[in-house]
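Text of query-v6.cif, listed as mmCIF, C-alpha atoms:
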data_entry
#
loop_
_atom_site.label_atom_id
_atom_site.label_comp_id
_atom_site.auth_asym_id
_atom_site.auth_seq_id
_atom_site.Cartn_x
_atom_site.Cartn_y
_atom_site.Cartn_z
CA MET I 1 0.00 0.00 0.00
CA LEU I 2 1.24 3.42 -0.82
CA ILE I 3 1.26 5.74 2.15
CA THR I 4 1.56 9.43 1.37
CA MET I 5 1.91 12.22 3.82
CA PRO I 6 0.91 15.78 2.96
CA ARG I 7 3.55 18.45 3.21
CA PRO I 8 3.28 20.48 6.44
CA LYS I 9 1.47 23.78 6.09
CA ARG I 10 3.65 26.82 5.86
CA ILE I 11 3.10 29.24 8.71
CA ARG I 12 1.23 32.33 7.53
CA LYS I 13 2.16 35.77 8.72
CA MET I 14 -0.53 37.99 10.23
CA THR I 15 -0.02 41.68 10.72
CA ASN I 16 -3.55 42.83 11.62
CA PRO I 17 -5.71 40.26 13.40
CA PRO I 18 -9.34 41.28 14.10
CA HIS I 19 -9.96 42.89 17.49
CA PHE I 20 -13.37 41.27 17.87
CA ARG I 21 -14.39 37.62 17.79
CA GLY I 22 -16.91 37.27 14.97
CA TYR I 23 -20.31 38.09 13.44
CA LYS I 24 -23.92 37.19 14.25
CA PRO I 25 -26.94 37.39 11.92
CA ILE I 26 -29.82 39.61 13.04
CA GLY I 27 -33.32 38.28 13.69
CA LEU I 28 -32.72 34.54 13.97
CA SER I 29 -34.08 32.86 17.07
CA GLU I 30 -32.26 29.55 16.97
CA GLU I 31 -28.49 29.29 17.16
CA SER I 32 -26.99 27.35 14.29
CA THR I 33 -23.56 25.78 14.13
CA PRO I 34 -21.05 28.58 13.53
CA VAL I 35 -18.76 28.87 10.53
CA ILE I 36 -15.15 28.89 11.71
CA LEU I 37 -13.17 31.42 9.70
CA ASN I 38 -9.45 30.90 10.29
CA TYR I 39 -7.26 33.89 10.99
CA GLU I 40 -5.41 33.40 7.73
CA GLU I 41 -8.74 33.47 5.84
CA TYR I 42 -9.72 36.68 7.60
CA GLU I 43 -6.32 38.12 6.65
CA ALA I 44 -6.82 37.06 3.01
CA ILE I 45 -10.18 38.85 2.79
CA ARG I 46 -8.66 41.89 4.47
CA LEU I 47 -5.72 42.01 2.06
CA SER I 48 -7.65 41.31 -1.15
CA ASP I 49 -10.99 43.03 -0.61
CA PHE I 50 -10.22 45.75 1.92
CA GLU I 51 -6.64 46.78 1.21
CA LEU I 52 -7.15 45.85 -2.49
CA TYR I 53 -3.80 44.16 -2.98
CA GLY I 54 -3.23 41.89 -5.94
CA GLN I 55 -2.78 38.20 -5.19
CA VAL I 56 0.96 38.28 -5.79
CA GLU I 57 1.52 41.13 -3.35
CA ALA I 58 -0.90 39.72 -0.77
CA ALA I 59 0.87 36.35 -0.94
CA GLN I 60 4.19 38.06 -0.25
CA ILE I 61 2.71 39.90 2.73
CA MET I 62 1.46 36.64 4.21
CA ASP I 63 4.72 34.89 3.33
CA VAL I 64 3.10 32.08 1.30
CA SER I 65 3.14 31.18 -2.40
CA ARG I 66 0.65 32.74 -4.79
CA PRO I 67 -1.30 29.47 -5.38
CA THR I 68 -1.51 28.86 -1.62
CA TYR I 69 -2.83 32.36 -1.14
CA ALA I 70 -5.47 31.72 -3.82
CA ARG I 71 -6.60 28.59 -1.98
CA ILE I 72 -6.85 30.41 1.35
CA TYR I 73 -8.83 33.24 -0.25
CA GLU I 74 -11.15 30.83 -2.10
CA SER I 75 -11.93 28.97 1.11
CA ALA I 76 -12.50 32.26 2.95
CA ARG I 77 -15.01 33.49 0.36
CA ARG I 78 -16.91 30.20 0.40
CA LYS I 79 -17.20 30.29 4.17
CA VAL I 80 -18.42 33.88 4.18
CA ALA I 81 -20.97 33.08 1.44
CA GLN I 82 -22.17 30.04 3.39
CA ALA I 83 -22.68 32.14 6.51
CA PHE I 84 -24.51 34.84 4.53
CA VAL I 85 -26.89 32.52 2.73
CA LEU I 86 -27.66 30.17 5.59
CA GLY I 87 -27.64 32.86 8.30
CA LYS I 88 -24.81 31.31 10.28
CA VAL I 89 -22.60 32.83 12.92
CA ILE I 90 -18.99 33.53 11.85
CA VAL I 91 -16.30 32.93 14.47
CA PHE I 92 -12.66 33.93 13.92
CA GLU I 93 -10.57 31.10 15.25
CA GLY I 94 -7.43 29.07 14.70
CA GLY I 95 -5.41 28.70 11.56
CA LYS I 96 -1.71 28.21 11.13
CA VAL I 97 -0.46 31.74 11.68
CA TYR I 98 2.08 33.73 13.62
CA PHE I 99 1.74 37.32 14.69
CA ASP I 100 4.28 39.95 13.92
CA SER I 101 3.77 42.98 16.14
CA GLU I 102 3.89 46.29 14.31
CA TRP I 103 5.72 49.44 15.29
CA TYR I 104 3.93 52.72 15.91
CA TYR I 105 5.33 56.24 16.04
CA CYS I 106 4.14 59.00 18.37
CA HIS I 107 4.29 62.53 16.94
CA PHE I 108 4.07 64.12 20.38
CA CYS I 109 7.01 62.61 22.23
CA GLY I 110 8.86 61.18 19.21
CA CYS I 111 9.04 57.63 20.49
CA TYR I 112 8.42 54.33 18.73
CA PHE I 113 6.44 51.59 20.41
CA ASN I 114 4.97 48.22 19.50
CA HIS I 115 1.76 46.56 20.56
CA PRO I 116 2.02 42.90 21.55
CA ALA I 117 -1.60 42.57 22.78
CA LYS I 118 -3.03 42.02 19.30
CA ASP I 119 -6.70 41.68 20.21
CA THR I 120 -7.08 45.27 21.46
CA GLU I 121 -6.94 48.38 19.33
CA VAL I 122 -4.06 50.85 19.48
CA ASN I 123 -5.33 54.34 20.15
CA ALA I 124 -2.79 56.10 22.36
CA CYS I 125 0.98 56.37 22.72
CA ALA I 126 2.46 53.88 25.16
CA LEU I 127 4.64 56.54 26.78
CA CYS I 128 2.83 59.88 26.86
CA GLY I 129 -0.74 58.79 26.06
CA SER I 130 -1.00 61.14 23.06
CA LYS I 131 -3.56 60.22 20.39
CA ASN I 132 -1.31 61.63 17.65
CA ILE I 133 0.20 58.31 16.53
CA GLU I 134 0.69 56.50 13.26
CA GLN I 135 1.62 53.01 12.21
CA ASN I 136 5.20 52.71 11.11
CA SER I 137 6.09 50.11 8.53
CA ASP I 138 9.78 49.88 9.41
CA SER I 139 11.27 48.82 12.66
CA PRO I 140 13.04 51.75 14.36
CA GLU I 141 16.36 49.95 14.12
CA GLN I 142 17.52 49.86 10.55
CA ALA I 143 17.87 46.38 9.16
CA ASN I 144 21.45 45.29 8.84
CA THR I 145 22.00 44.43 5.20
CA GLU I 146 25.76 44.10 4.89
CA ASP I 147 27.34 40.80 5.80
CA ILE I 148 30.75 41.86 7.00
CA CYS I 149 32.65 40.94 10.18
CA THR I 150 34.68 43.78 11.60
CA CYS I 151 37.26 44.13 14.38
CA PRO I 152 36.01 46.45 17.14
CA LYS I 153 39.55 47.69 17.80
CA CYS I 154 41.31 48.25 14.47
CA GLY I 155 38.27 48.19 12.18
CA LYS I 156 39.65 45.49 9.89
CA GLU I 157 36.88 43.94 7.79
CA LYS I 158 36.34 40.42 6.56
CA GLU I 159 33.49 38.92 4.57
CA HIS I 160 31.03 37.10 6.84
CA THR I 161 30.81 33.33 6.39
CA SER I 162 27.25 32.14 6.75
CA GLY I 163 26.85 29.83 9.76
CA ILE I 164 29.93 31.05 11.63
CA PRO I 165 29.14 33.69 14.27
CA CYS I 166 31.27 36.80 13.86
CA GLN I 167 32.41 36.33 17.45
CA LYS I 168 34.18 33.13 16.44
CA GLU I 169 36.28 35.05 13.92
CA ILE I 170 39.54 36.42 15.31
CA CYS I 171 41.18 39.56 13.95
CA PRO I 172 44.62 38.50 12.66
CA GLU I 173 46.27 41.71 13.87
CA CYS I 174 44.92 42.47 17.35
CA LYS I 175 43.50 39.01 18.23
CA CYS I 176 40.11 40.55 19.06
CA GLN I 177 36.89 38.64 18.58
CA MET I 178 35.23 40.23 15.60
CA VAL I 179 31.65 41.54 15.51
CA ARG I 180 29.05 42.06 12.79
CA LYS I 181 29.48 45.38 11.04
CA GLY I 182 26.61 47.72 11.76
CA ALA I 183 25.36 45.60 14.69
CA PRO I 184 23.56 47.82 17.20
CA HIS I 185 26.23 47.67 19.87
CA HIS I 186 29.29 46.80 17.86
CA HIS I 187 31.33 49.84 18.82
CA ARG I 188 30.67 49.21 22.50
CA MET I 189 31.49 45.52 22.61
CA ARG I 190 34.45 44.63 24.77
CA ASN I 191 36.23 41.36 24.97
CA ASN I 192 39.13 39.92 26.87
CA ASN I 193 41.11 38.75 23.86
CA CYS I 194 42.04 42.22 22.68
CA GLN I 195 45.69 43.01 23.06
CA MET E 1 1.54 48.43 36.10
CA LYS E 2 5.31 48.12 36.25
CA VAL E 3 7.54 49.77 33.66
CA ALA E 4 11.25 49.11 33.17
CA ILE E 5 13.50 51.95 31.97
CA THR E 6 17.17 51.51 31.06
CA SER E 7 19.39 54.01 32.87
CA THR E 8 23.02 55.08 32.78
CA GLY E 9 23.15 55.72 36.53
CA ASN E 10 21.32 55.07 39.78
CA SER E 11 19.51 58.37 40.30
CA LEU E 12 16.45 60.02 38.76
CA GLU E 13 18.75 62.61 37.17
CA SER E 14 20.60 59.93 35.15
CA THR E 15 19.91 59.78 31.45
CA LEU E 16 18.26 57.01 29.46
CA ASP E 17 20.72 54.29 28.43
CA SER E 18 20.45 53.78 24.69
CA ARG E 19 21.25 50.07 24.95
CA PHE E 20 18.87 47.50 26.36
CA GLY E 21 20.90 44.37 27.12
CA ARG E 22 24.04 46.15 28.32
CA CYS E 23 22.58 49.17 30.08
CA SER E 24 24.11 50.14 33.45
CA TYR E 25 20.91 50.08 35.51
CA PHE E 26 17.29 49.05 35.12
CA VAL E 27 14.76 51.32 36.76
CA ILE E 28 11.57 49.50 37.73
CA TYR E 29 8.82 52.09 38.07
CA ASP E 30 5.42 51.16 39.46
CA THR E 31 2.74 53.47 38.04
CA LYS E 32 0.32 52.51 40.82
CA THR E 33 2.49 53.23 43.88
CA GLN E 34 4.92 55.59 42.05
CA ALA E 35 7.80 53.63 43.58
CA THR E 36 11.13 53.37 41.77
CA GLU E 37 13.71 50.65 42.19
CA PHE E 38 17.20 50.66 40.66
CA ILE E 39 18.71 47.31 39.71
CA PRO E 40 22.34 47.16 38.53
CA ASN E 41 22.53 45.12 35.32
CA PRO E 42 24.53 41.91 35.89
CA ASN E 43 24.87 41.38 32.12
CA LEU E 44 26.84 44.55 31.46
CA GLU E 45 30.09 42.79 30.61
CA SER E 46 28.76 39.69 28.83
CA VAL E 47 30.06 39.07 25.33
CA GLU E 48 27.01 37.14 24.16
CA GLY E 49 23.39 36.77 25.21
CA ALA E 50 23.10 39.92 27.33
CA GLY E 51 19.74 40.78 25.77
CA PRO E 52 17.88 37.52 26.54
CA ALA E 53 19.40 37.42 30.05
CA SER E 54 18.16 40.95 30.69
CA VAL E 55 14.71 39.99 29.39
CA ASN E 56 14.59 37.21 31.99
CA LEU E 57 15.58 39.60 34.76
CA ILE E 58 12.90 42.10 33.77
CA ALA E 59 10.16 39.56 33.12
CA SER E 60 10.74 38.03 36.59
CA ARG E 61 9.81 41.42 38.08
CA GLY E 62 6.41 41.38 36.34
CA VAL E 63 7.14 44.32 34.06
CA LYS E 64 4.58 45.04 31.29
CA LYS E 65 6.39 47.81 29.39
CA VAL E 66 10.07 48.50 28.66
CA VAL E 67 11.53 51.89 27.69
CA SER E 68 14.98 51.98 26.09
CA GLY E 69 16.96 53.56 23.25
CA GLU E 70 17.23 50.44 21.14
CA PHE E 71 16.56 46.72 21.30
CA GLY E 72 18.78 44.06 19.74
CA THR E 73 17.56 41.58 17.17
CA LYS E 74 17.17 38.67 19.60
CA VAL E 75 14.92 40.27 22.17
CA LYS E 76 11.93 41.54 20.19
CA SER E 77 10.46 38.10 19.54
CA ILE E 78 10.95 37.13 23.21
CA PHE E 79 9.17 40.27 24.38
CA ASP E 80 6.37 39.63 21.87
CA SER E 81 5.76 36.14 23.22
CA LEU E 82 5.79 37.46 26.81
CA GLN E 83 3.28 40.19 25.82
CA ILE E 84 5.61 42.92 27.05
CA GLN E 85 5.37 46.23 25.22
CA LEU E 86 8.51 47.93 23.89
CA VAL E 87 9.00 51.69 23.71
CA VAL E 88 11.98 53.10 21.79
CA VAL E 89 12.99 56.66 22.66
CA ASN E 90 15.58 58.12 20.28
CA ASP E 91 16.80 60.78 22.68
CA PRO E 92 19.81 59.85 24.84
CA LYS E 93 19.61 63.16 26.73
CA LYS E 94 16.24 62.38 28.31
CA THR E 95 16.47 61.79 32.06
CA ILE E 96 14.65 59.08 34.00
CA ALA E 97 12.59 61.75 35.77
CA GLU E 98 11.42 63.13 32.41
CA ILE E 99 10.34 59.69 31.23
CA ILE E 100 8.45 59.05 34.46
CA GLU E 101 6.74 62.41 33.96
CA LEU E 102 5.65 61.33 30.45
CA LEU E 103 4.37 58.02 31.81
CA GLU E 104 2.34 59.84 34.48
CA LYS E 105 0.90 62.13 31.80
CA GLY E 106 -0.01 59.09 29.68
CA LYS E 107 -1.75 57.50 32.64
CA GLU E 108 -4.05 60.48 33.12
CA GLU E 109 -5.24 60.60 29.54
#
As structure tokens, how would this structure be written, given the file I've shared?
Amino acid sequence: MLITMPRPKRIRKMTNPPHFRGYKPIGLSEESTPVILNYEEYEAIRLSDFELYGQVEAAQIMDVSRPTYARIYESARRKVAQAFVLGKVIVFEGGKVYFDSEWYYCHFCGCYFNHPAKDTEVNACALCGSKNIEQNSDSPEQANTEDICTCPKCGKEKEHTSGIPCQKEICPECKCQMVRKGAPHHHRMRNNNCQ
Amino acid sequence: MKVAITSTGNSLESTLDSRFGRCSYFVIYDTKTQATEFIPNPNLESVEGAGPASVNLIASRGVKKVVSGEFGTKVKSIFDSLQIQLVVVNDPKKTIAEIIELLEKGKEE
């Protein structure tokens, strides 16, 4: 007998989960079995029909392939249609997702803050309580794009080898442990091997 | 609610430390009782893993918000999973007293 196992599902990235739990139809006396709309399906409807992204862009945002995105979106639309026609409750639940908390910027005190409690809405600055905030697409720390190890003492540079931490590299001249160039604290790192 | 602030010294006049994992002191400020506590950072001299070790120290105090100048790449995901909020202030001249003032203002609104 041939036994086949499906490939594991890729984890989908969520940036804006809903801050409420679902929908209920008006004017129905008896409770029917609810339609479970997964978080990734909610996200697909949000990206395609609310933010109006194309499927290719939306798939990149959720970090899945374009065909996978199409399947998620298809399933989401069928569930919503089923709930509409049959008057069923929609509950947002489950799905194979991870949450990436977003950064916000406060115009009053100039700080950046994130919001790990995803199910509540962000409406005030975490520090000063000002309402004058906006969502910031980039993290406040600039992403480190160069892959170069550097010596904190003499500044000698060497191309980074993937898989070997920069700290394992030793500067040939001053015997210092090297650090990643542009790392947040690289100029402040101290180590005992420096001569 | 408890808030952790990274500090360069052990008084309210000290300025914000721009590093998280290797800051000199952590200030634990309780917005309810307005009490402050200064904890010297034991991870100041570590070569590796100062960030996660500092997260453990702070999380064990029941802190819900952390104010610092910058956070390293390893700590953000840990803070996210612990549901601790991060606040990045890009002003190394701000003193601890000024930040506490802002927090008090935020509490009123």
_Chain and number of each residue from the PyMOL selection byres ((chain I) within 6 of (chain E)), as a ChimeraX atom specification_ = /I:111-116,127-129
Given the selection you just returned, output its residues as a file containing C-alpha atoms, formatted as an mmCIF file, in the coordinates of the input.
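Saved the output as selection.cif:
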data_model
loop_
_atom_site.group_PDB
_atom_site.id
_atom_site.type_symbol
_atom_site.label_atom_id
_atom_site.label_comp_id
_atom_site.auth_asym_id
_atom_site.auth_seq_id
_atom_site.Cartn_x
_atom_site.Cartn_y
_atom_site.Cartn_z
ATOM 1 C CA CYS I 111 9.040 57.630 20.490
ATOM 2 C CA TYR I 112 8.420 54.330 18.730
ATOM 3 C CA PHE I 113 6.440 51.590 20.410
ATOM 4 C CA ASN I 114 4.970 48.220 19.500
ATOM 5 C CA HIS I 115 1.760 46.560 20.560
ATOM 6 C CA PRO I 116 2.020 42.900 21.550
ATOM 7 C CA LEU I 127 4.640 56.540 26.780
ATOM 8 C CA CYS I 128 2.830 59.880 26.860
ATOM 9 C CA GLY I 129 -0.740 58.790 26.060
#
*asked:* With the PyMOL selection byres ((chain I and resi 16-19) around 12) as the selection, what would be picked from this file? Answer as a count of residues only, please.
replied: 42
_Measuring between all atoms listed in the file, which one of E:Ser24, E:Ile58, E:Asn43, E:Pro52 shows the shortest distance to Ala4 of chain E?_
E:Ile58
*For the atom pair atom CA of Asp30 of chain E and atom CA of Ser130 of chain I, what is the interatomic distance in Å to one decimal place?*
20.2 Å
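Note on the selection: in this file the PyMOL selection byres ((chain E and resi 97) around 12) comes out as Ile5, Ser7, Asn10, Ser11, Leu12, Glu13, Ser14, Thr15, Leu16, Val27, Tyr29, Gln34, Thr36, Lys93, Lys94, Thr95, Ile96, Glu98, Ile99, Ile100, Glu101, Leu102, Leu103 and Glu104 of chain E.
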N, CA and C atoms are what I want for segment 30-47 of chain E; can you complete it accordingly and write them as a PDB file, in the frame of the given file?
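Saved result, result_38.pdb, follows:
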ATOM      1  N   ASP E  30       6.781  51.656  39.280  1.00  0.00           N
ATOM      2  CA  ASP E  30       5.420  51.160  39.460  1.00  0.00           C
ATOM      3  C   ASP E  30       4.456  52.328  39.337  1.00  0.00           C
ATOM      4  N   THR E  31       3.615  52.322  38.275  1.00  0.00           N
ATOM      5  CA  THR E  31       2.740  53.470  38.040  1.00  0.00           C
ATOM      6  C   THR E  31       1.645  53.571  39.105  1.00  0.00           C
ATOM      7  N   LYS E  32       1.373  52.483  39.808  1.00  0.00           N
ATOM      8  CA  LYS E  32       0.320  52.510  40.820  1.00  0.00           C
ATOM      9  C   LYS E  32       0.834  53.183  42.100  1.00  0.00           C
ATOM     10  N   THR E  33       1.974  52.704  42.606  1.00  0.00           N
ATOM     11  CA  THR E  33       2.490  53.230  43.880  1.00  0.00           C
ATOM     12  C   THR E  33       3.502  54.351  43.664  1.00  0.00           C
ATOM     13  N   GLN E  34       3.914  54.606  42.418  1.00  0.00           N
ATOM     14  CA  GLN E  34       4.920  55.590  42.050  1.00  0.00           C
ATOM     15  C   GLN E  34       6.275  55.283  42.690  1.00  0.00           C
ATOM     16  N   ALA E  35       6.527  54.021  42.989  1.00  0.00           N
ATOM     17  CA  ALA E  35       7.800  53.630  43.580  1.00  0.00           C
ATOM     18  C   ALA E  35       8.811  53.350  42.480  1.00  0.00           C
ATOM     19  N   THR E  36      10.080  53.704  42.720  1.00  0.00           N
ATOM     20  CA  THR E  36      11.130  53.370  41.770  1.00  0.00           C
ATOM     21  C   THR E  36      12.145  52.463  42.455  1.00  0.00           C
ATOM     22  N   GLU E  37      12.697  51.552  41.661  1.00  0.00           N
ATOM     23  CA  GLU E  37      13.710  50.650  42.190  1.00  0.00           C
ATOM     24  C   GLU E  37      14.823  50.587  41.158  1.00  0.00           C
ATOM     25  N   PHE E  38      16.067  50.710  41.594  1.00  0.00           N
ATOM     26  CA  PHE E  38      17.200  50.660  40.660  1.00  0.00           C
ATOM     27  C   PHE E  38      17.891  49.314  40.800  1.00  0.00           C
ATOM     28  N   ILE E  39      18.034  48.606  39.690  1.00  0.00           N
ATOM     29  CA  ILE E  39      18.710  47.310  39.710  1.00  0.00           C
ATOM     30  C   ILE E  39      19.953  47.409  38.838  1.00  0.00           C
ATOM     31  N   PRO E  40      21.158  47.179  39.392  1.00  0.00           N
ATOM     32  CA  PRO E  40      22.340  47.160  38.530  1.00  0.00           C
ATOM     33  C   PRO E  40      22.257  45.984  37.571  1.00  0.00           C
ATOM     34  N   ASN E  41      22.665  46.183  36.322  1.00  0.00           N
ATOM     35  CA  ASN E  41      22.530  45.120  35.320  1.00  0.00           C
ATOM     36  C   ASN E  41      23.694  44.138  35.427  1.00  0.00           C
ATOM     37  N   PRO E  42      23.431  42.882  35.761  1.00  0.00           N
ATOM     38  CA  PRO E  42      24.530  41.910  35.890  1.00  0.00           C
ATOM     39  C   PRO E  42      25.104  41.483  34.540  1.00  0.00           C
ATOM     40  N   ASN E  43      24.435  41.845  33.438  1.00  0.00           N
ATOM     41  CA  ASN E  43      24.870  41.380  32.120  1.00  0.00           C
ATOM     42  C   ASN E  43      25.704  42.409  31.371  1.00  0.00           C
ATOM     43  N   LEU E  44      26.150  43.434  32.101  1.00  0.00           N
ATOM     44  CA  LEU E  44      26.840  44.550  31.460  1.00  0.00           C
ATOM     45  C   LEU E  44      28.067  44.119  30.682  1.00  0.00           C
ATOM     46  N   GLU E  45      28.816  43.156  31.221  1.00  0.00           N
ATOM     47  CA  GLU E  45      30.090  42.790  30.610  1.00  0.00           C
ATOM     48  C   GLU E  45      29.994  41.544  29.724  1.00  0.00           C
ATOM     49  N   SER E  46      28.796  40.948  29.590  1.00  0.00           N
ATOM     50  CA  SER E  46      28.760  39.690  28.830  1.00  0.00           C
ATOM     51  C   SER E  46      29.058  39.941  27.360  1.00  0.00           C
ATOM     52  N   VAL E  47      29.717  38.971  26.747  1.00  0.00           N
ATOM     53  CA  VAL E  47      30.060  39.070  25.330  1.00  0.00           C
ATOM     54  C   VAL E  47      28.858  38.677  24.489  1.00  0.00           C
TER      55      VAL E  47
END
